[in-house]
file my_file.pdb (PDB, C-alpha atoms, pLDDT in the B column)
ATOM      1  CA  MET A   1     121.968  66.774 106.230  1.00 46.00           C
ATOM      2  CA  ALA A   2     120.998  64.096 108.773  1.00 67.00           C
ATOM      3  CA  ALA A   3     124.666  63.148 109.223  1.00 69.00           C
ATOM      4  CA  GLU A   4     125.541  66.800 109.852  1.00 78.00           C
ATOM      5  CA  ASN A   5     122.768  67.026 112.443  1.00 81.00           C
ATOM      6  CA  ALA A   6     123.982  63.899 114.221  1.00 86.00           C
ATOM      7  CA  LEU A   7     127.478  65.382 114.283  1.00 91.00           C
ATOM      8  CA  LEU A   8     126.160  68.648 115.734  1.00 92.00           C
ATOM      9  CA  VAL A   9     124.401  66.780 118.550  1.00 93.00           C
ATOM     10  CA  LYS A  10     127.606  64.832 119.287  1.00 94.00           C
ATOM     11  CA  GLN A  11     129.629  68.055 119.291  1.00 95.00           C
ATOM     12  CA  ALA A  12     127.167  69.611 121.747  1.00 95.00           C
ATOM     13  CA  GLU A  13     127.360  66.574 123.998  1.00 94.00           C
ATOM     14  CA  ALA A  14     131.170  66.665 123.940  1.00 94.00           C
ATOM     15  CA  LEU A  15     131.169  70.363 124.843  1.00 93.00           C
ATOM     16  CA  ILE A  16     129.075  69.939 127.991  1.00 93.00           C
ATOM     17  CA  GLN A  17     130.032  66.479 129.211  1.00 90.00           C
ATOM     18  CA  ASP A  18     131.698  66.711 132.632  1.00 89.00           C
ATOM     19  CA  VAL A  19     131.634  70.538 132.615  1.00 91.00           C
ATOM     20  CA  PRO A  20     129.936  71.667 135.852  1.00 90.00           C
ATOM     21  CA  TYR A  21     129.182  75.282 134.828  1.00 92.00           C
ATOM     22  CA  LEU A  22     125.722  76.128 133.546  1.00 93.00           C
ATOM     23  CA  THR A  23     126.560  79.515 132.053  1.00 94.00           C
ATOM     24  CA  ALA A  24     129.644  78.202 130.272  1.00 94.00           C
ATOM     25  CA  ASN A  25     127.725  75.245 128.857  1.00 94.00           C
ATOM     26  CA  LEU A  26     124.807  77.323 127.595  1.00 96.00           C
ATOM     27  CA  ALA A  27     127.229  79.871 126.118  1.00 97.00           C
ATOM     28  CA  ASN A  28     129.137  77.160 124.263  1.00 96.00           C
ATOM     29  CA  ILE A  29     125.953  75.551 122.939  1.00 97.00           C
ATOM     30  CA  SER A  30     124.615  78.888 121.692  1.00 97.00           C
ATOM     31  CA  ALA A  31     127.982  79.612 120.024  1.00 97.00           C
ATOM     32  CA  LEU A  32     128.026  76.148 118.428  1.00 97.00           C
ATOM     33  CA  LEU A  33     124.522  76.636 117.035  1.00 97.00           C
ATOM     34  CA  TYR A  34     125.228  80.170 115.819  1.00 97.00           C
ATOM     35  CA  ALA A  35     128.365  79.008 114.002  1.00 96.00           C
ATOM     36  CA  SER A  36     126.869  75.778 112.629  1.00 94.00           C
ATOM     37  CA  VAL A  37     123.255  76.444 111.655  1.00 94.00           C
ATOM     38  CA  PRO A  38     122.965  78.376 108.378  1.00 94.00           C
ATOM     39  CA  GLU A  39     120.707  81.380 107.849  1.00 96.00           C
ATOM     40  CA  ILE A  40     120.142  82.344 111.484  1.00 96.00           C
ATOM     41  CA  ASN A  41     120.634  85.674 113.220  1.00 95.00           C
ATOM     42  CA  TRP A  42     120.131  84.695 116.877  1.00 96.00           C
ATOM     43  CA  ALA A  43     120.651  81.543 118.956  1.00 97.00           C
ATOM     44  CA  GLY A  44     120.354  81.341 122.701  1.00 97.00           C
ATOM     45  CA  PHE A  45     118.502  80.562 125.856  1.00 98.00           C
ATOM     46  CA  TYR A  46     115.864  82.030 128.108  1.00 98.00           C
ATOM     47  CA  ILE A  47     115.760  80.626 131.640  1.00 98.00           C
ATOM     48  CA  LEU A  48     112.587  80.422 133.712  1.00 98.00           C
ATOM     49  CA  GLU A  49     112.934  82.467 136.906  1.00 97.00           C
ATOM     50  CA  ASN A  50     110.084  83.571 139.159  1.00 95.00           C
ATOM     51  CA  GLY A  51     107.455  82.951 136.480  1.00 94.00           C
ATOM     52  CA  SER A  52     109.232  84.811 133.656  1.00 97.00           C
ATOM     53  CA  LEU A  53     111.790  83.901 131.020  1.00 98.00           C
ATOM     54  CA  ILE A  54     115.073  85.724 131.657  1.00 98.00           C
ATOM     55  CA  LEU A  55     117.708  86.155 128.964  1.00 98.00           C
ATOM     56  CA  GLY A  56     120.526  83.624 129.224  1.00 98.00           C
ATOM     57  CA  PRO A  57     123.641  83.046 127.128  1.00 98.00           C
ATOM     58  CA  PHE A  58     123.167  83.803 123.428  1.00 97.00           C
ATOM     59  CA  GLN A  59     124.811  84.779 120.144  1.00 97.00           C
ATOM     60  CA  GLY A  60     123.400  87.628 118.053  1.00 95.00           C
ATOM     61  CA  LYS A  61     122.171  91.167 118.564  1.00 94.00           C
ATOM     62  CA  PRO A  62     121.080  92.343 122.024  1.00 94.00           C
ATOM     63  CA  ALA A  63     117.781  90.766 123.027  1.00 93.00           C
ATOM     64  CA  CYS A  64     114.759  91.205 125.250  1.00 92.00           C
ATOM     65  CA  VAL A  65     115.790  90.643 128.864  1.00 96.00           C
ATOM     66  CA  ARG A  66     112.474  89.424 130.295  1.00 96.00           C
ATOM     67  CA  ILE A  67     109.572  87.654 128.589  1.00 96.00           C
ATOM     68  CA  GLU A  68     106.338  86.821 130.388  1.00 96.00           C
ATOM     69  CA  LEU A  69     104.918  83.325 130.026  1.00 96.00           C
ATOM     70  CA  GLY A  70     102.351  83.299 127.240  1.00 93.00           C
ATOM     71  CA  LYS A  71     103.903  86.323 125.509  1.00 94.00           C
ATOM     72  CA  GLY A  72     105.652  86.063 122.155  1.00 93.00           C
ATOM     73  CA  VAL A  73     106.923  82.826 120.658  1.00 95.00           C
ATOM     74  CA  CYS A  74     109.245  82.052 123.588  1.00 96.00           C
ATOM     75  CA  GLY A  75     106.658  82.743 126.274  1.00 96.00           C
ATOM     76  CA  THR A  76     104.004  80.754 124.422  1.00 96.00           C
ATOM     77  CA  ALA A  77     106.307  77.761 123.871  1.00 97.00           C
ATOM     78  CA  ALA A  78     107.226  77.843 127.568  1.00 98.00           C
ATOM     79  CA  GLN A  79     103.639  78.187 128.782  1.00 97.00           C
ATOM     80  CA  GLU A  80     102.416  75.398 126.488  1.00 97.00           C
ATOM     81  CA  ASP A  81     105.605  73.375 127.121  1.00 97.00           C
ATOM     82  CA  ARG A  82     105.979  72.452 123.471  1.00 97.00           C
ATOM     83  CA  THR A  83     108.193  73.234 120.511  1.00 98.00           C
ATOM     84  CA  LEU A  84     106.932  76.043 118.311  1.00 96.00           C
ATOM     85  CA  VAL A  85     108.036  76.508 114.715  1.00 97.00           C
ATOM     86  CA  VAL A  86     106.888  79.852 113.338  1.00 95.00           C
ATOM     87  CA  ALA A  87     107.299  80.341 109.578  1.00 95.00           C
ATOM     88  CA  ASN A  88     106.510  84.079 109.696  1.00 94.00           C
ATOM     89  CA  VAL A  89     106.887  85.807 113.057  1.00 91.00           C
ATOM     90  CA  HIS A  90     104.912  88.815 111.804  1.00 88.00           C
ATOM     91  CA  GLN A  91     101.834  86.588 111.625  1.00 89.00           C
ATOM     92  CA  PHE A  92     102.274  85.275 115.187  1.00 87.00           C
ATOM     93  CA  ALA A  93      99.886  87.102 117.507  1.00 80.00           C
ATOM     94  CA  GLY A  94     101.872  88.925 120.179  1.00 74.00           C
ATOM     95  CA  HIS A  95     105.277  88.395 118.580  1.00 72.00           C
ATOM     96  CA  ILE A  96     108.000  90.299 120.439  1.00 74.00           C
ATOM     97  CA  ALA A  97     110.393  91.887 117.940  1.00 71.00           C
ATOM     98  CA  CYS A  98     113.797  91.992 119.629  1.00 74.00           C
ATOM     99  CA  ASP A  99     115.542  92.062 116.243  1.00 69.00           C
ATOM    100  CA  SER A 100     113.554  93.572 113.373  1.00 76.00           C
ATOM    101  CA  ALA A 101     115.512  91.386 110.920  1.00 82.00           C
ATOM    102  CA  SER A 102     113.975  88.180 112.329  1.00 90.00           C
ATOM    103  CA  GLU A 103     111.403  86.606 110.028  1.00 90.00           C
ATOM    104  CA  SER A 104     111.020  83.060 111.405  1.00 96.00           C
ATOM    105  CA  GLU A 105     111.692  81.368 114.731  1.00 95.00           C
ATOM    106  CA  ILE A 106     111.890  78.022 116.488  1.00 97.00           C
ATOM    107  CA  VAL A 107     111.639  77.612 120.259  1.00 97.00           C
ATOM    108  CA  VAL A 108     112.271  74.334 122.106  1.00 98.00           C
ATOM    109  CA  PRO A 109     111.495  73.819 125.821  1.00 98.00           C
ATOM    110  CA  ILE A 110     114.259  72.468 128.066  1.00 97.00           C
ATOM    111  CA  HIS A 111     113.497  70.592 131.283  1.00 96.00           C
ATOM    112  CA  ARG A 112     115.331  69.956 134.524  1.00 92.00           C
ATOM    113  CA  ASN A 113     114.136  66.947 136.524  1.00 88.00           C
ATOM    114  CA  GLY A 114     110.904  66.932 134.510  1.00 89.00           C
ATOM    115  CA  THR A 115     110.150  70.618 135.172  1.00 94.00           C
ATOM    116  CA  LEU A 116     110.445  73.430 132.636  1.00 96.00           C
ATOM    117  CA  PHE A 117     113.869  75.067 133.013  1.00 97.00           C
ATOM    118  CA  GLY A 118     113.784  77.396 130.029  1.00 97.00           C
ATOM    119  CA  VAL A 119     113.802  77.472 126.247  1.00 98.00           C
ATOM    120  CA  LEU A 120     116.236  77.310 123.372  1.00 98.00           C
ATOM    121  CA  ASP A 121     115.363  80.072 120.894  1.00 97.00           C
ATOM    122  CA  ILE A 122     116.668  80.443 117.347  1.00 97.00           C
ATOM    123  CA  ASP A 123     115.697  83.216 114.926  1.00 95.00           C
ATOM    124  CA  SER A 124     116.274  83.558 111.199  1.00 96.00           C
ATOM    125  CA  PRO A 125     116.159  86.533 108.833  1.00 96.00           C
ATOM    126  CA  LYS A 126     114.515  84.180 106.296  1.00 96.00           C
ATOM    127  CA  LYS A 127     110.795  83.355 106.311  1.00 97.00           C
ATOM    128  CA  ASP A 128     109.908  79.676 106.658  1.00 96.00           C
ATOM    129  CA  ARG A 129     113.535  78.838 107.534  1.00 96.00           C
ATOM    130  CA  PHE A 130     112.941  76.003 110.018  1.00 96.00           C
ATOM    131  CA  THR A 131     112.009  72.511 108.836  1.00 94.00           C
ATOM    132  CA  GLN A 132     110.812  69.411 110.633  1.00 94.00           C
ATOM    133  CA  GLU A 133     114.402  68.165 110.373  1.00 94.00           C
ATOM    134  CA  ASP A 134     115.533  71.296 112.243  1.00 94.00           C
ATOM    135  CA  ARG A 135     112.853  70.612 114.845  1.00 96.00           C
ATOM    136  CA  ARG A 136     114.092  67.036 115.341  1.00 95.00           C
ATOM    137  CA  LEU A 137     117.706  68.271 115.574  1.00 94.00           C
ATOM    138  CA  LEU A 138     116.925  70.902 118.205  1.00 96.00           C
ATOM    139  CA  GLU A 139     114.691  68.587 120.206  1.00 96.00           C
ATOM    140  CA  ALA A 140     117.506  66.000 120.195  1.00 95.00           C
ATOM    141  CA  LEU A 141     119.876  68.726 121.349  1.00 95.00           C
ATOM    142  CA  ALA A 142     117.439  69.642 124.147  1.00 95.00           C
ATOM    143  CA  GLU A 143     117.436  65.995 125.238  1.00 94.00           C
ATOM    144  CA  VAL A 144     121.251  66.055 125.409  1.00 93.00           C
ATOM    145  CA  LEU A 145     121.075  69.213 127.518  1.00 92.00           C
ATOM    146  CA  GLU A 146     118.489  67.670 129.819  1.00 91.00           C
ATOM    147  CA  ALA A 147     120.537  64.494 130.226  1.00 89.00           C
ATOM    148  CA  HIS A 148     123.943  66.083 130.799  1.00 84.00           C
ATOM    149  CA  LEU A 149     123.608  69.727 131.698  1.00 74.00           C
ATOM    150  CA  PHE A 150     122.167  69.361 135.162  1.00 72.00           C
ATOM    151  CA  SER A 151     123.877  66.191 136.366  1.00 67.00           C
ATOM    152  CA  HIS A 152     126.964  67.905 137.799  1.00 56.00           C
ATOM    153  CA  MET A 153     126.315  71.644 137.893  1.00 54.00           C
ATOM    154  CA  SER A 154     127.806  74.038 140.388  1.00 48.00           C
ATOM    155  CA  GLU A 155     125.355  76.807 139.423  1.00 49.00           C
ATOM    156  CA  LYS A 156     121.565  76.927 139.209  1.00 45.00           C
TER     157      LYS A 156
END
call {"tool": "encode", "arguments": {"input": "my_file.pdb", "output": "structure tokens"}}
result
Amino acid sequence: MAAENALLVKQAEALIQDVPYLTANLANISALLYASVPEINWAGFYILENGSLILGPFQGKPACVRIELGKGVCGTAAQEDRTLVVANVHQFAGHIACDSASESEIVVPIHRNGTLFGVLDIDSPKKDRFTQEDRRLLEALAEVLEAHLFSHMSEK
């Protein structure tokens, strides 16, 4: 599985390298994750704007448009600026149920010039879906985004 993860990170890097469009890059990364990561039902981004997380490009069912910092898994991960792996979202205080099929979730902060930019959010219809290997994969992917995504953008 480690080789597959390394390949996924390289594919993500190839998709965004020298592409100066934020929305296009985030859309392609969410599509890559949705198509490549098994047993998930949502993959996408929330972008920090005016103190709230605003829905960005994603794959899956329609989602919550605005999440306050400190609310739900995404808002908590953003406020605490750390990756959260939640084995059972129904046991997470304040969980926001955008898709009732979601059972577990992982959220990884993304930074721009050292400041929180937003989060990568992935949901699964399976409890306890996300492993420490998944965490390492998605944090490595976030590092690729941080290194390449903002270096030549024409959008925010």
call {"tool": "closest_atom_pairs", "arguments": {"input": "my_file.pdb", "of": "segment 76-154 of chain A", "to": "segment 35-39 of chain A", "cutoff": "8 Å", "atoms": "only C-alpha atoms", "output": "CSV"}}
result
residue,atom,partner,partner_atom,distance
A:Ser124,CA,A:Glu39,CA,6.0
A:Pro125,CA,A:Glu39,CA,6.9
A:Lys126,CA,A:Glu39,CA,7.0
A:Arg129,CA,A:Glu39,CA,7.6
call {"tool": "write_last_selection", "arguments": {"input": "my_file.pdb", "atoms": "C-alpha atoms", "output": "PDB file, in the coordinates of the input"}}
result
ATOM      1  CA  SER A 124     116.274  83.558 111.199  1.00 96.00           C
ATOM      2  CA  PRO A 125     116.159  86.533 108.833  1.00 96.00           C
ATOM      3  CA  LYS A 126     114.515  84.180 106.296  1.00 96.00           C
ATOM      4  CA  ARG A 129     113.535  78.838 107.534  1.00 96.00           C
TER       5      ARG A 129
END
call {"tool": "atom_distance", "arguments": {"input": "my_file.pdb", "atom1": "atom CA of Gly72 of chain A", "atom2": "atom CA of Gly114 of chain A"}}
result
23.4 Å
call {"tool": "closest_residue", "arguments": {"input": "my_file.pdb", "among": "A:Ala6, A:Ile54, A:Val89, A:Leu149", "to": "Arg112 of chain A", "atoms": "only C-alpha atoms"}}
result
A:Leu149
call {"tool": "resolve_selection", "arguments": {"input": "my_file.pdb", "expression": "the PyMOL selection byres ((chain A and resi 5) around 10)", "output": "list in words"}}
result
Met1, Ala2, Ala3, Glu4, Ala6, Leu7, Leu8, Val9, Lys10, Gln11, Ser36, Val37, Glu133, Asp134, Arg136, Leu137, Leu138, Ala140 and Leu141 of chain A
call {"tool": "closest_residue", "arguments": {"input": "my_file.pdb", "among": "A:Ser100, A:Ile110, A:Gln91, A:Ile67", "to": "Trp42 of chain A", "atoms": "only C-alpha atoms"}}
result
A:Ser100
call {"tool": "resolve_selection", "arguments": {"input": "my_file.pdb", "expression": "the PyMOL selection byres ((chain A and resi 93) around 12)", "output": "list of chain:residue names"}}
result
A:Gly70, A:Lys71, A:Gly72, A:Val73, A:Gly75, A:Thr76, A:Val86, A:Asn88, A:Val89, A:His90, A:Gln91, A:Phe92, A:Gly94, A:His95, A:Ile96, A:Ala97
call {"tool": "atom_distance", "arguments": {"input": "my_file.pdb", "atom1": "atom CA of Leu69 of chain A", "atom2": "atom CA of Gly51 of chain A"}}
result
6.9 Å
call {"tool": "axis_aligned_box", "arguments": {"input": "my_file.pdb", "around": "segment 37-56 of chain A", "padding_each_side": "3 Å", "output": "AutoDock Vina command-line options"}}
result
--center_x 115.4 --center_y 81.3 --center_z 123.5 --size_x 21.8 --size_y 15.7 --size_z 37.3
call {"tool": "atom_distance", "arguments": {"input": "my_file.pdb", "atom1": "atom CA of Ala31 of chain A", "atom2": "atom CA of Gln79 of chain A"}}
result
25.9 Å
call {"tool": "residues_around", "arguments": {"input": "my_file.pdb", "residues": "Arg82 of chain A", "least_positions_apart": "6", "cutoff": "9 Å", "atoms": "all atoms listed in the file", "output": "ChimeraX atom specification"}}
result
/A:76,107-109
call {"tool": "residues_around", "arguments": {"input": "my_file.pdb", "residues": "Gln17 of chain A", "least_positions_apart": "2", "cutoff": "8 Å", "atoms": "only C-alpha atoms", "output": "NGL selection string"}}
result
:A and (13-15 or 19 or 148-149)
call {"tool": "decode", "arguments": {"input": "my_file.pdb", "residues": "segment 69-86 of chain A", "atoms": "N, CA, C and O atoms", "output": "short mmCIF file (atom, residue, chain, number, x, y, z; two decimals), in the first residue's frame"}}
result
data_model
loop_
_atom_site.label_atom_id
_atom_site.label_comp_id
_atom_site.auth_asym_id
_atom_site.auth_seq_id
_atom_site.Cartn_x
_atom_site.Cartn_y
_atom_site.Cartn_z
N LEU A 69 -15.41 28.01 12.54
CA LEU A 69 -14.24 27.45 13.21
C LEU A 69 -14.68 26.89 14.56
O LEU A 69 -15.49 27.50 15.26
N GLY A 70 -14.17 25.71 14.89
CA GLY A 70 -14.52 25.06 16.14
C GLY A 70 -15.77 24.20 16.07
O GLY A 70 -16.09 23.51 17.02
N LYS A 71 -16.46 24.21 14.93
CA LYS A 71 -17.69 23.43 14.77
C LYS A 71 -17.42 22.22 13.89
O LYS A 71 -16.79 22.33 12.84
N GLY A 72 -17.92 21.07 14.29
CA GLY A 72 -17.75 19.86 13.51
C GLY A 72 -16.28 19.45 13.43
O GLY A 72 -15.40 20.07 14.02
N VAL A 73 -16.03 18.40 12.68
CA VAL A 73 -14.66 17.89 12.53
C VAL A 73 -13.82 18.89 11.75
O VAL A 73 -12.69 19.21 12.15
N CYS A 74 -14.35 19.43 10.66
CA CYS A 74 -13.58 20.38 9.85
C CYS A 74 -13.24 21.64 10.63
O CYS A 74 -12.09 22.09 10.63
N GLY A 75 -14.24 22.22 11.28
CA GLY A 75 -14.02 23.45 12.02
C GLY A 75 -13.09 23.27 13.20
O GLY A 75 -12.29 24.15 13.53
N THR A 76 -13.15 22.09 13.83
CA THR A 76 -12.25 21.80 14.95
C THR A 76 -10.82 21.61 14.46
O THR A 76 -9.88 22.15 15.05
N ALA A 77 -10.66 20.85 13.38
CA ALA A 77 -9.31 20.65 12.82
C ALA A 77 -8.70 21.98 12.40
O ALA A 77 -7.51 22.23 12.63
N ALA A 78 -9.51 22.85 11.81
CA ALA A 78 -9.01 24.17 11.39
C ALA A 78 -8.65 25.02 12.61
O ALA A 78 -7.58 25.62 12.65
N GLN A 79 -9.53 25.08 13.59
CA GLN A 79 -9.27 25.90 14.77
C GLN A 79 -8.03 25.42 15.53
O GLN A 79 -7.22 26.23 15.99
N GLU A 80 -7.88 24.11 15.65
CA GLU A 80 -6.73 23.54 16.36
C GLU A 80 -5.51 23.39 15.46
O GLU A 80 -4.44 23.05 15.93
N ASP A 81 -5.69 23.61 14.16
CA ASP A 81 -4.63 23.52 13.16
C ASP A 81 -3.88 22.19 13.28
O ASP A 81 -2.67 22.14 13.36
N ARG A 82 -4.67 21.12 13.25
CA ARG A 82 -4.07 19.78 13.32
C ARG A 82 -4.98 18.79 12.61
O ARG A 82 -6.18 19.00 12.48
N THR A 83 -4.37 17.69 12.16
CA THR A 83 -5.12 16.63 11.52
C THR A 83 -6.00 15.93 12.55
O THR A 83 -5.55 15.63 13.65
N LEU A 84 -7.24 15.69 12.17
CA LEU A 84 -8.15 14.91 13.01
C LEU A 84 -8.59 13.67 12.26
O LEU A 84 -9.01 13.75 11.10
N VAL A 85 -8.47 12.53 12.92
CA VAL A 85 -8.96 11.26 12.40
C VAL A 85 -10.07 10.83 13.35
O VAL A 85 -9.83 10.62 14.53
N VAL A 86 -11.29 10.72 12.83
CA VAL A 86 -12.44 10.39 13.65
C VAL A 86 -12.99 9.04 13.20
O VAL A 86 -13.49 8.91 12.07
#
